[in-house]
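Engineer: One file: model33.pdb (PDB, C-alpha atoms).
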```pdb
ATOM      1  CA  MET X   9      55.417  65.803  92.987
ATOM      2  CA  ALA X  10      56.290  66.761  89.401
ATOM      3  CA  THR X  11      53.522  68.436  87.444
ATOM      4  CA  VAL X  12      52.609  69.187  83.859
ATOM      5  CA  THR X  13      54.044  72.430  82.484
ATOM      6  CA  THR X  14      52.326  74.542  79.845
ATOM      7  CA  ARG X  15      53.046  77.525  77.654
ATOM      8  CA  THR X  16      51.657  79.328  74.644
ATOM      9  CA  VAL X  17      53.554  79.224  71.359
ATOM     10  CA  GLU X  18      53.250  81.670  68.485
ATOM     11  CA  TYR X  19      53.858  80.638  64.887
ATOM     12  CA  PRO X  20      52.824  81.796  61.397
ATOM     13  CA  ALA X  21      50.166  79.982  59.356
ATOM     14  CA  ASP X  22      47.412  80.941  56.910
ATOM     15  CA  ASN X  23      48.674  84.555  56.862
ATOM     16  CA  LEU X  24      48.004  84.825  60.595
ATOM     17  CA  THR X  25      49.980  84.637  63.809
ATOM     18  CA  MET X  26      48.686  81.495  65.449
ATOM     19  CA  ILE X  27      48.768  81.008  69.218
ATOM     20  CA  GLY X  28      48.932  77.340  70.194
ATOM     21  CA  TYR X  29      48.993  75.742  73.624
ATOM     22  CA  LEU X  30      51.784  73.313  74.508
ATOM     23  CA  ALA X  31      51.590  70.921  77.457
ATOM     24  CA  LEU X  32      54.649  68.966  78.631
ATOM     25  CA  PRO X  33      54.716  65.932  80.915
ATOM     26  CA  PRO X  34      57.020  65.850  83.940
ATOM     27  CA  GLY X  35      60.659  64.914  83.413
ATOM     28  CA  ALA X  36      63.248  65.642  80.768
ATOM     29  CA  ALA X  37      63.123  62.575  78.537
ATOM     30  CA  ARG X  38      61.773  62.607  75.015
ATOM     31  CA  ARG X  39      58.143  61.578  74.842
ATOM     32  CA  PRO X  40      55.587  60.637  72.179
ATOM     33  CA  ALA X  41      53.515  63.601  71.058
ATOM     34  CA  VAL X  42      49.965  64.439  70.038
ATOM     35  CA  LEU X  43      48.742  67.275  67.844
ATOM     36  CA  ILE X  44      45.232  68.417  68.885
ATOM     37  CA  GLY X  45      42.922  70.246  66.474
ATOM     38  CA  PRO X  46      39.919  72.267  67.726
ATOM     39  CA  GLU X  47      36.357  72.649  66.505
ATOM     40  CA  GLY X  48      35.575  75.355  63.957
ATOM     41  CA  MET X  49      35.119  78.034  66.615
ATOM     42  CA  GLY X  50      38.814  77.772  67.372
ATOM     43  CA  LEU X  51      41.147  76.977  70.228
ATOM     44  CA  SER X  52      39.446  77.149  73.620
ATOM     45  CA  ASP X  53      39.940  75.973  77.180
ATOM     46  CA  VAL X  54      38.362  72.654  76.151
ATOM     47  CA  GLU X  55      41.332  71.780  73.930
ATOM     48  CA  ARG X  56      43.784  73.256  76.431
ATOM     49  CA  ARG X  57      42.445  70.936  79.130
ATOM     50  CA  ARG X  58      42.709  67.986  76.742
ATOM     51  CA  ALA X  59      46.336  68.873  76.044
ATOM     52  CA  GLU X  60      46.985  68.930  79.785
ATOM     53  CA  ALA X  61      45.191  65.605  80.252
ATOM     54  CA  LEU X  62      47.360  63.990  77.575
ATOM     55  CA  ALA X  63      50.486  65.446  79.173
ATOM     56  CA  GLU X  64      49.413  63.846  82.450
ATOM     57  CA  LEU X  65      49.345  60.539  80.554
ATOM     58  CA  GLY X  66      52.922  61.086  79.365
ATOM     59  CA  TYR X  67      52.497  62.791  75.989
ATOM     60  CA  VAL X  68      53.782  66.128  74.755
ATOM     61  CA  ALA X  69      50.599  67.748  73.453
ATOM     62  CA  LEU X  70      50.103  70.794  71.246
ATOM     63  CA  ALA X  71      46.593  72.192  70.797
ATOM     64  CA  PHE X  72      46.836  74.206  67.621
ATOM     65  CA  ASP X  73      45.128  77.425  66.585
ATOM     66  CA  LEU X  74      42.816  78.044  63.630
ATOM     67  CA  HIS X  75      42.063  81.761  63.684
ATOM     68  CA  GLY X  76      45.102  83.737  64.793
ATOM     69  CA  GLY X  77      44.332  83.679  68.491
ATOM     70  CA  ARG X  78      40.605  84.309  68.071
ATOM     71  CA  TYR X  79      37.641  82.207  69.196
ATOM     72  CA  LEU X  80      34.752  82.702  66.763
ATOM     73  CA  SER X  81      31.613  82.594  68.897
ATOM     74  CA  ASP X  82      29.424  83.995  66.095
ATOM     75  CA  PRO X  83      28.257  81.024  63.990
ATOM     76  CA  GLU X  84      28.058  83.108  60.825
ATOM     77  CA  GLU X  85      31.597  84.392  61.236
ATOM     78  CA  MET X  86      32.804  80.867  61.981
ATOM     79  CA  LEU X  87      31.130  79.464  58.856
ATOM     80  CA  ALA X  88      32.464  82.301  56.711
ATOM     81  CA  ARG X  89      36.001  81.327  57.669
ATOM     82  CA  CYS X  90      35.696  77.554  58.010
ATOM     83  CA  MET X  91      33.658  76.631  54.945
ATOM     84  CA  PRO X  92      36.260  77.964  52.455
ATOM     85  CA  LEU X  93      38.965  76.357  54.569
ATOM     86  CA  LEU X  94      37.269  72.953  54.542
ATOM     87  CA  ALA X  95      36.942  73.209  50.762
ATOM     88  CA  ASP X  96      40.690  73.784  50.337
ATOM     89  CA  PRO X  97      42.776  70.711  51.282
ATOM     90  CA  ASP X  98      46.065  72.441  50.512
ATOM     91  CA  ARG X  99      45.228  75.303  52.866
ATOM     92  CA  MET X 100      44.232  72.864  55.613
ATOM     93  CA  ARG X 101      47.501  71.009  55.134
ATOM     94  CA  CYS X 102      49.497  74.219  55.453
ATOM     95  CA  ILE X 103      47.811  74.983  58.788
ATOM     96  CA  GLY X 104      48.449  71.436  59.964
ATOM     97  CA  HIS X 105      52.073  71.374  58.837
ATOM     98  CA  ALA X 106      52.799  74.701  60.535
ATOM     99  CA  ALA X 107      51.547  73.322  63.860
ATOM    100  CA  LEU X 108      53.318  70.025  63.312
ATOM    101  CA  ASP X 109      56.603  71.866  62.723
ATOM    102  CA  VAL X 110      56.196  73.594  66.087
ATOM    103  CA  LEU X 111      55.550  70.281  67.806
ATOM    104  CA  ARG X 112      58.511  68.606  66.150
ATOM    105  CA  ALA X 113      60.788  71.486  67.155
ATOM    106  CA  GLU X 114      60.073  70.887  70.853
ATOM    107  CA  PRO X 115      63.163  69.118  72.294
ATOM    108  CA  ARG X 116      61.004  66.833  74.468
ATOM    109  CA  VAL X 117      59.294  65.299  71.423
ATOM    110  CA  ASP X 118      60.223  61.940  69.942
ATOM    111  CA  ARG X 119      59.771  62.933  66.295
ATOM    112  CA  ASP X 120      59.202  59.348  65.209
ATOM    113  CA  ARG X 121      56.194  58.984  67.503
ATOM    114  CA  ILE X 122      53.500  61.567  66.781
ATOM    115  CA  ALA X 123      49.731  61.217  66.462
ATOM    116  CA  ALA X 124      47.038  63.705  65.433
ATOM    117  CA  VAL X 125      43.677  64.075  67.147
ATOM    118  CA  GLY X 126      41.068  66.563  66.022
ATOM    119  CA  TYR X 127      37.495  67.728  66.396
ATOM    120  CA  GLY X 128      35.400  69.160  63.566
ATOM    121  CA  THR X 129      37.589  71.446  61.462
ATOM    122  CA  GLY X 130      40.636  70.428  63.492
ATOM    123  CA  GLY X 131      39.848  66.793  62.746
ATOM    124  CA  ALA X 132      39.599  67.536  59.042
ATOM    125  CA  ILE X 133      43.075  69.059  59.217
ATOM    126  CA  ALA X 134      44.391  65.950  60.987
ATOM    127  CA  LEU X 135      42.983  63.796  58.181
ATOM    128  CA  GLU X 136      44.550  66.032  55.551
ATOM    129  CA  LEU X 137      47.949  65.566  57.160
ATOM    130  CA  GLY X 138      47.409  61.831  56.758
ATOM    131  CA  ARG X 139      46.317  62.223  53.140
ATOM    132  CA  ASP X 140      49.469  64.265  52.591
ATOM    133  CA  GLY X 141      51.556  61.274  53.616
ATOM    134  CA  VAL X 142      52.762  62.590  56.972
ATOM    135  CA  ASP X 143      54.321  59.862  59.115
ATOM    136  CA  LEU X 144      51.816  59.698  61.983
ATOM    137  CA  ARG X 145      51.256  56.803  64.356
ATOM    138  CA  ALA X 146      47.494  57.367  64.585
ATOM    139  CA  ILE X 147      44.743  59.766  63.545
ATOM    140  CA  GLY X 148      41.676  60.195  65.741
ATOM    141  CA  THR X 149      38.761  62.493  64.916
ATOM    142  CA  VAL X 150      35.304  63.348  66.209
ATOM    143  CA  ASN X 151      32.608  64.693  63.854
ATOM    144  CA  ALA X 152      35.125  65.172  61.056
ATOM    145  CA  LEU X 153      34.011  62.704  58.380
ATOM    146  CA  THR X 154      35.469  64.759  55.559
ATOM    147  CA  THR X 155      36.421  63.161  52.277
ATOM    148  CA  GLY X 156      39.508  64.030  50.284
ATOM    149  CA  ARG X 157      40.641  64.101  46.707
ATOM    150  CA  PRO X 158      40.526  60.794  44.788
ATOM    151  CA  ASP X 159      43.250  58.309  45.728
ATOM    152  CA  GLU X 160      44.979  60.520  48.305
ATOM    153  CA  ALA X 161      43.660  58.485  51.238
ATOM    154  CA  ALA X 162      46.011  55.744  50.065
ATOM    155  CA  ARG X 163      48.832  57.902  51.463
ATOM    156  CA  ILE X 164      47.543  57.537  55.028
ATOM    157  CA  ARG X 165      50.162  55.460  56.839
ATOM    158  CA  CYS X 166      48.485  54.804  60.193
ATOM    159  CA  PRO X 167      45.260  53.592  61.788
ATOM    160  CA  VAL X 168      42.323  56.021  61.660
ATOM    161  CA  TRP X 169      39.585  56.123  64.272
ATOM    162  CA  THR X 170      36.646  58.474  63.943
ATOM    163  CA  GLY X 171      33.526  59.088  65.991
ATOM    164  CA  VAL X 172      30.211  60.687  65.050
ATOM    165  CA  GLY X 173      26.799  61.198  66.622
ATOM    166  CA  SER X 174      23.933  59.227  65.116
ATOM    167  CA  LEU X 175      21.800  62.403  65.009
ATOM    168  CA  ASP X 176      24.509  64.678  63.631
ATOM    169  CA  PRO X 177      22.844  66.590  60.750
ATOM    170  CA  ILE X 178      26.178  68.015  59.597
ATOM    171  CA  MET X 179      27.691  64.533  59.224
ATOM    172  CA  PRO X 180      24.621  62.539  58.066
ATOM    173  CA  PRO X 181      24.592  58.858  57.012
ATOM    174  CA  ALA X 182      25.475  59.738  53.403
ATOM    175  CA  GLN X 183      28.611  61.493  54.611
ATOM    176  CA  ARG X 184      29.508  58.542  56.798
ATOM    177  CA  GLU X 185      29.149  56.216  53.835
ATOM    178  CA  ALA X 186      31.308  58.404  51.603
ATOM    179  CA  PHE X 187      34.029  58.578  54.231
ATOM    180  CA  THR X 188      34.072  54.873  54.971
ATOM    181  CA  ALA X 189      34.047  54.063  51.229
ATOM    182  CA  GLU X 190      37.107  56.288  50.775
ATOM    183  CA  MET X 191      38.957  54.671  53.657
ATOM    184  CA  GLN X 192      38.024  51.162  52.542
ATOM    185  CA  ALA X 193      39.044  51.728  48.920
ATOM    186  CA  ALA X 194      42.398  53.102  50.085
ATOM    187  CA  GLY X 195      43.131  50.095  52.288
ATOM    188  CA  VAL X 196      43.338  52.213  55.430
ATOM    189  CA  ASP X 197      43.121  50.562  58.852
ATOM    190  CA  TRP X 198      39.979  52.446  59.873
ATOM    191  CA  ARG X 199      37.246  52.347  62.495
ATOM    192  CA  LEU X 200      34.027  54.340  62.832
ATOM    193  CA  THR X 201      32.118  54.616  66.105
ATOM    194  CA  VAL X 202      28.548  55.940  65.967
ATOM    195  CA  TYR X 203      27.294  57.313  69.288
ATOM    196  CA  GLY X 204      23.560  56.749  69.554
ATOM    197  CA  GLY X 205      21.423  59.832  70.048
ATOM    198  CA  ALA X 206      24.337  62.288  69.877
ATOM    199  CA  LEU X 207      24.342  65.521  67.849
ATOM    200  CA  HIS X 208      27.212  67.379  66.200
ATOM    201  CA  ALA X 209      29.988  68.465  68.602
ATOM    202  CA  PHE X 210      28.520  66.180  71.265
ATOM    203  CA  HIS X 211      31.954  66.027  72.902
ATOM    204  CA  HIS X 212      32.098  69.795  73.544
ATOM    205  CA  PRO X 213      30.639  71.104  76.824
ATOM    206  CA  THR X 214      27.761  73.551  76.482
ATOM    207  CA  VAL X 215      28.813  77.094  75.602
ATOM    208  CA  ASP X 216      27.167  80.406  76.515
ATOM    209  CA  HIS X 217      26.806  81.684  72.959
ATOM    210  CA  THR X 218      24.630  80.834  69.960
ATOM    211  CA  VAL X 219      25.463  77.593  68.179
ATOM    212  CA  LEU X 220      24.380  76.064  64.900
ATOM    213  CA  PRO X 221      21.237  73.925  64.768
ATOM    214  CA  GLY X 222      22.020  70.265  65.397
ATOM    215  CA  VAL X 223      24.843  70.998  67.849
ATOM    216  CA  GLY X 224      24.553  69.696  71.401
ATOM    217  CA  TYR X 225      26.538  68.287  74.295
ATOM    218  CA  HIS X 226      26.106  64.658  75.344
ATOM    219  CA  PRO X 227      28.102  64.130  78.571
ATOM    220  CA  ARG X 228      28.011  60.325  78.553
ATOM    221  CA  HIS X 229      29.141  60.008  74.948
ATOM    222  CA  ALA X 230      31.701  62.789  75.440
ATOM    223  CA  GLU X 231      33.361  60.659  78.113
ATOM    224  CA  ARG X 232      33.162  57.581  75.906
ATOM    225  CA  ALA X 233      34.712  59.398  72.939
ATOM    226  CA  TRP X 234      37.582  60.604  75.127
ATOM    227  CA  ARG X 235      38.190  57.053  76.356
ATOM    228  CA  ASP X 236      38.133  55.842  72.752
ATOM    229  CA  ILE X 237      40.766  58.398  71.772
ATOM    230  CA  VAL X 238      42.962  57.459  74.728
ATOM    231  CA  ALA X 239      42.556  53.793  73.786
ATOM    232  CA  LEU X 240      43.652  54.575  70.221
ATOM    233  CA  LEU X 241      46.763  56.333  71.522
ATOM    234  CA  THR X 242      47.483  53.522  73.986
ATOM    235  CA  GLU X 243      47.331  51.003  71.147
ATOM    236  CA  CYS X 244      49.258  52.923  68.500
ATOM    237  CA  LEU X 245      51.416  55.310  70.512
ATOM    238  CA  PRO X 246      51.904  53.996  74.037
ATOM    239  CA  ALA X 247      53.270  56.561  76.437
ATOM    240  CA  SER X 248      54.605  54.031  78.923
ATOM    241  CA  ASP X 249      58.078  52.581  78.503
TER
END
```
As structure tokens, how would this structure be written, given the file I've shared?
Structural biologist:
Amino acid sequence: MATVTTRTVEYPADNLTMIGYLALPPGAARRPAVLIGPEGMGLSDVERRRAEALAELGYVALAFDLHGGRYLSDPEEMLARCMPLLADPDRMRCIGHAALDVLRAEPRVDRDRIAAVGYGTGGAIALELGRDGVDLRAIGTVNALTTGRPDEAARIRCPVWTGVGSLDPIMPPAQREAFTAEMQAAGVDWRLTVYGGALHAFHHPTVDHTVLPGVGYHPRHAERAWRDIVALLTECLPASD
């Protein structure tokens, strides 16, 4: 029985050598593709497994890197890198475009059928690709309710789905309202799902290092958020012929 194949890919971005993780479905035909952005700590086995799961569904999937092959388990170090990044849309777009170029260069990819899915900082980068006018079929994010520069959301050319925990202190109700107001004003086809009782990064299994206050795993909602992302891809970027 044919199986998913995987490999690491190195590419330059943000003055670093990034190390992404590419997962390919069985066969030789061109397939739709998904770019996967990680939480602020960086690329981990969580995103690698998600890339493999999407490849099993028939997508070429690239989980991209944020920190030059490093996983930032120290919250202070993570914030010191991610906060300036999140405040710089052009820098986020450069990181996203570099990964997108790698994905598009893969011969198995149907370049006209690509979506972006991201979590936290990786989700913010996915949104910035949309605000930059990239031709994506869908954008899906979890706990990434970032707002952009005035009027740039009007350049988003695809449906946007985003999920957030109701108890997320990093993405509080005011942030939700600002995000939805931006999407609404821009005429974007958007949806927001609020998961009751969930904290920030509720989708991410518990880790064995210190995390920021307000971060916590919610297994039931993590499964629901994954199903919601798969449903978004099934609607906007079906993998079946």
Engineer: Taking the file as shown, find all residues satisfying the PyMOL selection byres ((chain X and resi 220) around 12) and write them as a list in words.
Structural biologist: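 This file gives the following for the PyMOL selection byres ((chain X and resi 220) around 12): Gly48, Met49, Ser81, Asp82, Pro83, Glu84, Glu85, Met86, Leu87, Asp176, Pro177, Ile178, Leu207, His208, Ala209, Val215, His217, Thr218, Val219, Pro221, Gly222, Val223 and Gly224 of chain X.
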Engineer: Expressed in Å to a single decimal, how great is the separation between CA of Glu18 in chain X and CA of Ala132 in chain X?
Structural biologist: 21.8 Å
Engineer: Would you kindly translate the PyMOL selection byres ((chain X and resi 234-246) around 12) into the concrete residues it picks from this file, as an MDAnalysis selection string?
Structural biologist: chainID X and resid 39:44 55 58:59 61:68 118 120:127 144:150 165:171 197:203 210:212 227:233 247:249
Engineer: Can you pull out the residues contacting Gln192 in chain X? Cut-off 10 Å, using all atoms listed in the file, and skip same-chain residues under 6 positions away; I want them as a PyMOL selection string.
Structural biologist: chain X and resi 161-162+186+198
Engineer: Please provide as a PyMOL selection string all residues within 12 Å of Asp22 in chain X, with the sequence filter that same-chain residues fewer than 2 positions apart are discarded (counting only C-alpha atoms).
Structural biologist: chain X and resi 19-20+24-26+73-76+89+93+96+98-107
Engineer: Could you check how far CA of Ala31 in chain X sits from CA of Arg56 in chain X, in Å to one decimal?
Structural biologist: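 Interatomic distance, CA of Ala31 in chain X to CA of Arg56 in chain X: 8.2 Å.
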Engineer: Quick one: everything within 10 Å of Arg157 in chain X, counting only C-alpha atoms, minus sequence neighbours fewer than 5 positions away in the same chain. Send it as a ChimeraX atom specification.
Structural biologist: /X:97,136,139,190
Engineer: As lines of an AutoDock Vina configuration file, please: the centre and edge lengths in Å, to one decimal, of an axis-aligned box enclosing every listed atom of range 141-153 of chain X with 8 Å added on each side.
Structural biologist:
```
center_x = 43.5
center_y = 61.0
center_z = 59.9
size_x = 37.7
size_y = 24.4
size_z = 28.6
```
Engineer: What is the CA of Arg38 in chain X-CA of Arg57 in chain X distance in Å, reported with one decimal?
Structural biologist: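 Atom-to-atom, CA of Arg38 in chain X and CA of Arg57 in chain X are spaced 21.4 Å apart.
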Engineer: So, counting only C-alpha atoms, which residue among X:Gly173, X:Leu137, X:Thr14, X:Thr129 is closest to Thr154 in chain X?
Structural biologist: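 Selected residue with least distance to Thr154 in chain X: X:Thr129.
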Engineer: Which one of X:Tyr225, X:Leu175, X:Tyr29, X:Pro180 sits closest to Gly204 in chain X if you count all atoms listed in the file?
Structural biologist: X:Leu175
Engineer: Counting all atoms listed in the file, figure out which residue out of X:Gly77, X:Ala206, X:Gly35, X:Ala21 gets nearest to Asp109 in chain X.
Structural biologist: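 The answer is X:Ala21, which sits nearest to Asp109 in chain X.
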